[in-house]
Amino acid sequence: EQEVAEYRKMLAARVSGFDVPRPLKTFKDCGFSPQLMHDISKQGYEQPTPIQCQSLPIVLSGRDIIGIAKTGSGKTAAFVLPMIVHIMDQPELKKEEGPIGVICAPTRELAHQIYLETKKFAKAHGIRVSALYGGMSKLDQFKELKAGCEIVVATPGRLIDMLKMKALTMLRATYLVLDEADRMFDLGFEPQVRSIVGQIRPDRQTLLFSATMPRKVEKLAREILADPVRVTVGEVG
Ligand code: ADP
Ligand code: MG
């Protein structure tokens with residue numbers, strides 16, 4: 001019974017790509033630090049969701065990924081947990097400036113949700129998270145960025161504004177997440193997204209998540225991801 005249930009859960013997420021790491025069944029299999037395991041159980045997360053089972057080993061291996069899954073499937077932790085690992089792996093964390101992880105989301109509300117989730121996992125590691133979206137004072141954000149951070153969670157428009165104000169550089173950014181890419185396009189943010197991607201070093205790791213994959217998003221993915229693995233959950237895509 002148990003095994004059948006496990007098997008069904010795996011099948012709920014499909015993967016395509018070459019040399020793809022095997023999915024895992026528990027957070028324990030991820031090789032996370034005791035601190036991160038503690039943070040995960042503090043959230044009440046007992047088992048990884050199907051997209052997490054498939055994408056965590058892929059992202060932890062350093063591969064680019066296209067994740068196609070509906071709202072509520074647990075995409076945030078799928079990109080935040082490996083981001084914490086990625087940042088903790090950096091030598092001399094506090095020496096250089098600018099974020100290591102950059103997360104773009106289409107709306108203020110979404111960016112705020114991601115910000116809250118990211119902080120839960122970042123805090124105990126001493127990783128600083130800045131939220132950049134409308135409705136907050138640009139001056140306050142400028143000051144916060146000048147004080148330093150390892151992760152920014154931003155809407156494309158506000159991130160561009162901050163880059164123009166030279167509030168931050170993305171010279172050390174190596175982990176880029178584009179969340180809800182289809183909505184980003186629907187809202188007309190394609191030029192901003194392209195501008196942001198163009199300012200991040202090409203040897204970065206890039207993760208693109210979307211509920212649907214219209215042709216325009218597919219084209220962007222082809223242009224900005226390197227040899228990505230595609231993970232599809234449920235009937236979408
Ligand atoms: P999505 O981005 O796919 O819409 P979210 O990342 O917002 O989904 O997650 C949806 C909900 O599921 C959130 O309330 C989140 O805290 C919860 N969640 C995520 N991963 C797990 C897990 N492994 N176990 C239990 N709950 C989870
Ligand atoms: Mg989401």
# chains A, B, ... in the order shown; residues from 1 in each chain; ligands from 1
$ closest_atom_pairs --of "chain A" --to "ligand 1" --cutoff "9 Å" --atoms "only C-alpha atoms and all ligand atoms" --output "JSON lines"
{"residue": "A:Phe27", "atom": "CA", "partner": "ligand 1", "partner_atom_place_in_ligand_line": "23 (N)", "distance": 8.4}
{"residue": "A:Ile40", "atom": "CA", "partner": "ligand 1", "partner_atom_place_in_ligand_line": "23 (N)", "distance": 8.2}
{"residue": "A:Gln43", "atom": "CA", "partner": "ligand 1", "partner_atom_place_in_ligand_line": "16 (O)", "distance": 7.1}
{"residue": "A:Gly44", "atom": "CA", "partner": "ligand 1", "partner_atom_place_in_ligand_line": "25 (C)", "distance": 6.3}
{"residue": "A:Tyr45", "atom": "CA", "partner": "ligand 1", "partner_atom_place_in_ligand_line": "24 (N)", "distance": 3.7}
{"residue": "A:Glu46", "atom": "CA", "partner": "ligand 1", "partner_atom_place_in_ligand_line": "24 (N)", "distance": 5.6}
{"residue": "A:Gln47", "atom": "CA", "partner": "ligand 1", "partner_atom_place_in_ligand_line": "23 (N)", "distance": 5.0}
{"residue": "A:Pro48", "atom": "CA", "partner": "ligand 1", "partner_atom_place_in_ligand_line": "23 (N)", "distance": 3.8}
{"residue": "A:Thr49", "atom": "CA", "partner": "ligand 1", "partner_atom_place_in_ligand_line": "23 (N)", "distance": 4.8}
{"residue": "A:Pro50", "atom": "CA", "partner": "ligand 1", "partner_atom_place_in_ligand_line": "23 (N)", "distance": 8.6}
{"residue": "A:Ile51", "atom": "CA", "partner": "ligand 1", "partner_atom_place_in_ligand_line": "3 (O)", "distance": 8.4}
{"residue": "A:Gln52", "atom": "CA", "partner": "ligand 1", "partner_atom_place_in_ligand_line": "23 (N)", "distance": 7.1}
{"residue": "A:Cys53", "atom": "CA", "partner": "ligand 1", "partner_atom_place_in_ligand_line": "23 (N)", "distance": 8.9}
{"residue": "A:Ala69", "atom": "CA", "partner": "ligand 1", "partner_atom_place_in_ligand_line": "3 (O)", "distance": 6.5}
{"residue": "A:Lys70", "atom": "CA", "partner": "ligand 1", "partner_atom_place_in_ligand_line": "3 (O)", "distance": 5.9}
{"residue": "A:Thr71", "atom": "CA", "partner": "ligand 1", "partner_atom_place_in_ligand_line": "4 (O)", "distance": 3.2}
{"residue": "A:Gly72", "atom": "CA", "partner": "ligand 1", "partner_atom_place_in_ligand_line": "4 (O)", "distance": 3.5}
{"residue": "A:Ser73", "atom": "CA", "partner": "ligand 1", "partner_atom_place_in_ligand_line": "3 (O)", "distance": 3.8}
{"residue": "A:Gly74", "atom": "CA", "partner": "ligand 1", "partner_atom_place_in_ligand_line": "6 (O)", "distance": 3.5}
{"residue": "A:Lys75", "atom": "CA", "partner": "ligand 1", "partner_atom_place_in_ligand_line": "3 (O)", "distance": 3.9}
{"residue": "A:Thr76", "atom": "CA", "partner": "ligand 1", "partner_atom_place_in_ligand_line": "6 (O)", "distance": 3.6}
{"residue": "A:Ala77", "atom": "CA", "partner": "ligand 1", "partner_atom_place_in_ligand_line": "6 (O)", "distance": 5.6}
{"residue": "A:Ala78", "atom": "CA", "partner": "ligand 1", "partner_atom_place_in_ligand_line": "6 (O)", "distance": 7.4}
{"residue": "A:Phe79", "atom": "CA", "partner": "ligand 1", "partner_atom_place_in_ligand_line": "6 (O)", "distance": 8.9}
{"residue": "A:Leu110", "atom": "CA", "partner": "ligand 1", "partner_atom_place_in_ligand_line": "7 (O)", "distance": 8.8}
{"residue": "A:Gln113", "atom": "CA", "partner": "ligand 1", "partner_atom_place_in_ligand_line": "7 (O)", "distance": 7.5}
{"residue": "A:Ile114", "atom": "CA", "partner": "ligand 1", "partner_atom_place_in_ligand_line": "7 (O)", "distance": 7.6}
{"residue": "A:Glu117", "atom": "CA", "partner": "ligand 1", "partner_atom_place_in_ligand_line": "16 (O)", "distance": 7.4}
{"residue": "A:Asp179", "atom": "CA", "partner": "ligand 1", "partner_atom_place_in_ligand_line": "2 (O)", "distance": 8.1}
{"residue": "A:Glu180", "atom": "CA", "partner": "ligand 1", "partner_atom_place_in_ligand_line": "2 (O)", "distance": 8.3}
{"residue": "A:Phe209", "atom": "CA", "partner": "ligand 1", "partner_atom_place_in_ligand_line": "2 (O)", "distance": 8.7}
{"residue": "A:Ala211", "atom": "CA", "partner": "ligand 1", "partner_atom_place_in_ligand_line": "3 (O)", "distance": 8.7}
$ select_by_dssp --residues "range 129-232 of chain A" --states "helix (DSSP H, G or I)" --output "PDB file with C-alpha atoms, in the first residue's frame"
ATOM      1  CA  LYS A 138      12.754  53.413  -2.390  1.00  0.00           C
ATOM      2  CA  LEU A 139      15.011  55.269   0.002  1.00  0.00           C
ATOM      3  CA  ASP A 140      14.562  52.631   2.719  1.00  0.00           C
ATOM      4  CA  GLN A 141      15.239  49.904   0.177  1.00  0.00           C
ATOM      5  CA  PHE A 142      18.301  51.761  -1.048  1.00  0.00           C
ATOM      6  CA  LYS A 143      19.676  51.936   2.514  1.00  0.00           C
ATOM      7  CA  GLU A 144      18.894  48.283   3.167  1.00  0.00           C
ATOM      8  CA  LEU A 145      20.688  47.215  -0.013  1.00  0.00           C
ATOM      9  CA  LYS A 146      23.683  49.357   0.844  1.00  0.00           C
ATOM     10  CA  ALA A 147      23.886  47.560   4.192  1.00  0.00           C
ATOM     11  CA  PRO A 156      11.249  43.135 -12.158  1.00  0.00           C
ATOM     12  CA  GLY A 157      10.312  46.826 -12.235  1.00  0.00           C
ATOM     13  CA  ARG A 158      11.568  47.653  -8.766  1.00  0.00           C
ATOM     14  CA  LEU A 159      14.742  45.649  -9.196  1.00  0.00           C
ATOM     15  CA  ILE A 160      15.517  47.619 -12.371  1.00  0.00           C
ATOM     16  CA  ASP A 161      14.846  50.875 -10.499  1.00  0.00           C
ATOM     17  CA  MET A 162      17.276  49.841  -7.762  1.00  0.00           C
ATOM     18  CA  LEU A 163      19.921  48.811 -10.280  1.00  0.00           C
ATOM     19  CA  LYS A 164      19.566  52.187 -12.005  1.00  0.00           C
ATOM     20  CA  ALA A 181       7.288  33.339 -15.712  1.00  0.00           C
ATOM     21  CA  ASP A 182       4.035  33.169 -17.681  1.00  0.00           C
ATOM     22  CA  ARG A 183       2.442  35.858 -15.515  1.00  0.00           C
ATOM     23  CA  MET A 184       5.583  37.932 -15.822  1.00  0.00           C
ATOM     24  CA  PHE A 185       5.007  37.949 -19.591  1.00  0.00           C
ATOM     25  CA  ASP A 186       1.245  38.552 -19.237  1.00  0.00           C
ATOM     26  CA  GLU A 190       9.544  40.644 -20.644  1.00  0.00           C
ATOM     27  CA  PRO A 191      11.918  43.583 -21.364  1.00  0.00           C
ATOM     28  CA  GLN A 192      12.676  44.032 -17.660  1.00  0.00           C
ATOM     29  CA  VAL A 193      13.249  40.319 -17.184  1.00  0.00           C
ATOM     30  CA  ARG A 194      15.611  40.231 -20.143  1.00  0.00           C
ATOM     31  CA  SER A 195      17.481  43.251 -18.845  1.00  0.00           C
ATOM     32  CA  ILE A 196      17.918  41.647 -15.409  1.00  0.00           C
ATOM     33  CA  VAL A 197      19.075  38.335 -16.860  1.00  0.00           C
ATOM     34  CA  GLY A 198      21.548  40.224 -19.050  1.00  0.00           C
ATOM     35  CA  ARG A 215       5.643  29.908 -26.849  1.00  0.00           C
ATOM     36  CA  LYS A 216       7.139  33.204 -25.650  1.00  0.00           C
ATOM     37  CA  VAL A 217       8.129  31.709 -22.293  1.00  0.00           C
ATOM     38  CA  GLU A 218       9.517  28.634 -24.043  1.00  0.00           C
ATOM     39  CA  LYS A 219      11.650  30.912 -26.223  1.00  0.00           C
ATOM     40  CA  LEU A 220      13.008  32.834 -23.236  1.00  0.00           C
ATOM     41  CA  ALA A 221      13.772  29.557 -21.449  1.00  0.00           C
ATOM     42  CA  ARG A 222      15.728  28.325 -24.468  1.00  0.00           C
ATOM     43  CA  GLU A 223      17.719  31.545 -24.523  1.00  0.00           C
ATOM     44  CA  ILE A 224      18.598  31.945 -20.870  1.00  0.00           C
TER      45      ILE A 224
END
$ residues_around --residues "Met37 in chain A" --least-positions-apart "5" --cutoff "9 Å" --atoms "only C-alpha atoms" --output "count of residues only"
4
$ select_by_dssp --residues "range 94-166 of chain A" --states "strand (DSSP E or B)" --output "list of chain:residue names"
A:Gly101, A:Val102, A:Ile103, A:Cys104, A:Val129, A:Ser130, A:Ala131, A:Leu132, A:Ile151, A:Val152, A:Val153, A:Ala154
$ atom_distance --atom1 "CA of Gly101 in chain A" --atom2 "CA of Pro23 in chain A"
23.9 Å
$ closest_residue --among "A:Pro99, A:Pro82, A:Gly135, A:Gly67" --to "ligand 2" --atoms "only C-alpha atoms and all ligand atoms"
A:Gly67
$ atom_distance --atom1 "CA of His112 in chain A" --atom2 "atom 1 (Mg, counted along the ligand's line) of ligand 2"
10.8 Å
$ residues_around --residues "Gln205 in chain A" --least-positions-apart "5" --cutoff "8 Å" --atoms "only C-alpha atoms" --output "PyMOL selection string"
chain A and resi 62-64+174-176
$ residues_around --residues "Val231 in chain A" --least-positions-apart "3" --cutoff "7 Å" --atoms "only C-alpha atoms" --output "PyMOL selection string"
chain A and resi 13-16+55+66-68
$ write_last_selection --atoms "N, CA and C atoms" --output "PDB file, in the first residue's frame"
ATOM      1  N   ALA A  13       5.025  13.659 -10.913  1.00  0.00           N
ATOM      2  CA  ALA A  13       5.966  14.608 -11.514  1.00  0.00           C
ATOM      3  C   ALA A  13       6.766  13.884 -12.589  1.00  0.00           C
ATOM      4  N   ARG A  14       6.804  14.453 -13.768  1.00  0.00           N
ATOM      5  CA  ARG A  14       7.555  13.847 -14.868  1.00  0.00           C
ATOM      6  C   ARG A  14       8.763  14.709 -15.198  1.00  0.00           C
ATOM      7  N   VAL A  15       9.798  14.047 -15.663  1.00  0.00           N
ATOM      8  CA  VAL A  15      11.046  14.751 -15.905  1.00  0.00           C
ATOM      9  C   VAL A  15      11.547  14.456 -17.308  1.00  0.00           C
ATOM     10  N   SER A  16      12.098  15.463 -17.975  1.00  0.00           N
ATOM     11  CA  SER A  16      12.809  15.167 -19.214  1.00  0.00           C
ATOM     12  C   SER A  16      14.120  15.923 -19.265  1.00  0.00           C
ATOM     13  N   SER A  55      12.718  17.978  -8.189  1.00  0.00           N
ATOM     14  CA  SER A  55      13.595  19.100  -8.532  1.00  0.00           C
ATOM     15  C   SER A  55      14.726  19.321  -7.532  1.00  0.00           C
ATOM     16  N   ILE A  66      13.531  23.864 -15.565  1.00  0.00           N
ATOM     17  CA  ILE A  66      12.237  24.457 -15.900  1.00  0.00           C
ATOM     18  C   ILE A  66      11.216  23.675 -15.106  1.00  0.00           C
ATOM     19  N   GLY A  67      10.527  24.328 -14.201  1.00  0.00           N
ATOM     20  CA  GLY A  67       9.518  23.656 -13.376  1.00  0.00           C
ATOM     21  C   GLY A  67       8.141  24.112 -13.807  1.00  0.00           C
ATOM     22  N   ILE A  68       7.329  23.165 -14.244  1.00  0.00           N
ATOM     23  CA  ILE A  68       5.987  23.518 -14.699  1.00  0.00           C
ATOM     24  C   ILE A  68       4.993  22.887 -13.737  1.00  0.00           C
TER      25      ILE A  68
END
$ closest_residue --among "A:Asp227, A:Glu150, A:Asp39, A:Asp29" --to "Gln90 in chain A" --atoms "only C-alpha atoms"
A:Glu150
$ closest_residue --among "A:Ile151, A:Met88, A:Ile65, A:Leu208" --to "ligand 2" --atoms "only C-alpha atoms and all ligand atoms"
A:Leu208
$ closest_residue --among "A:Arg201, A:Val152, A:Glu3, A:Ser210" --to "ligand 2" --atoms "only C-alpha atoms and all ligand atoms"
A:Ser210
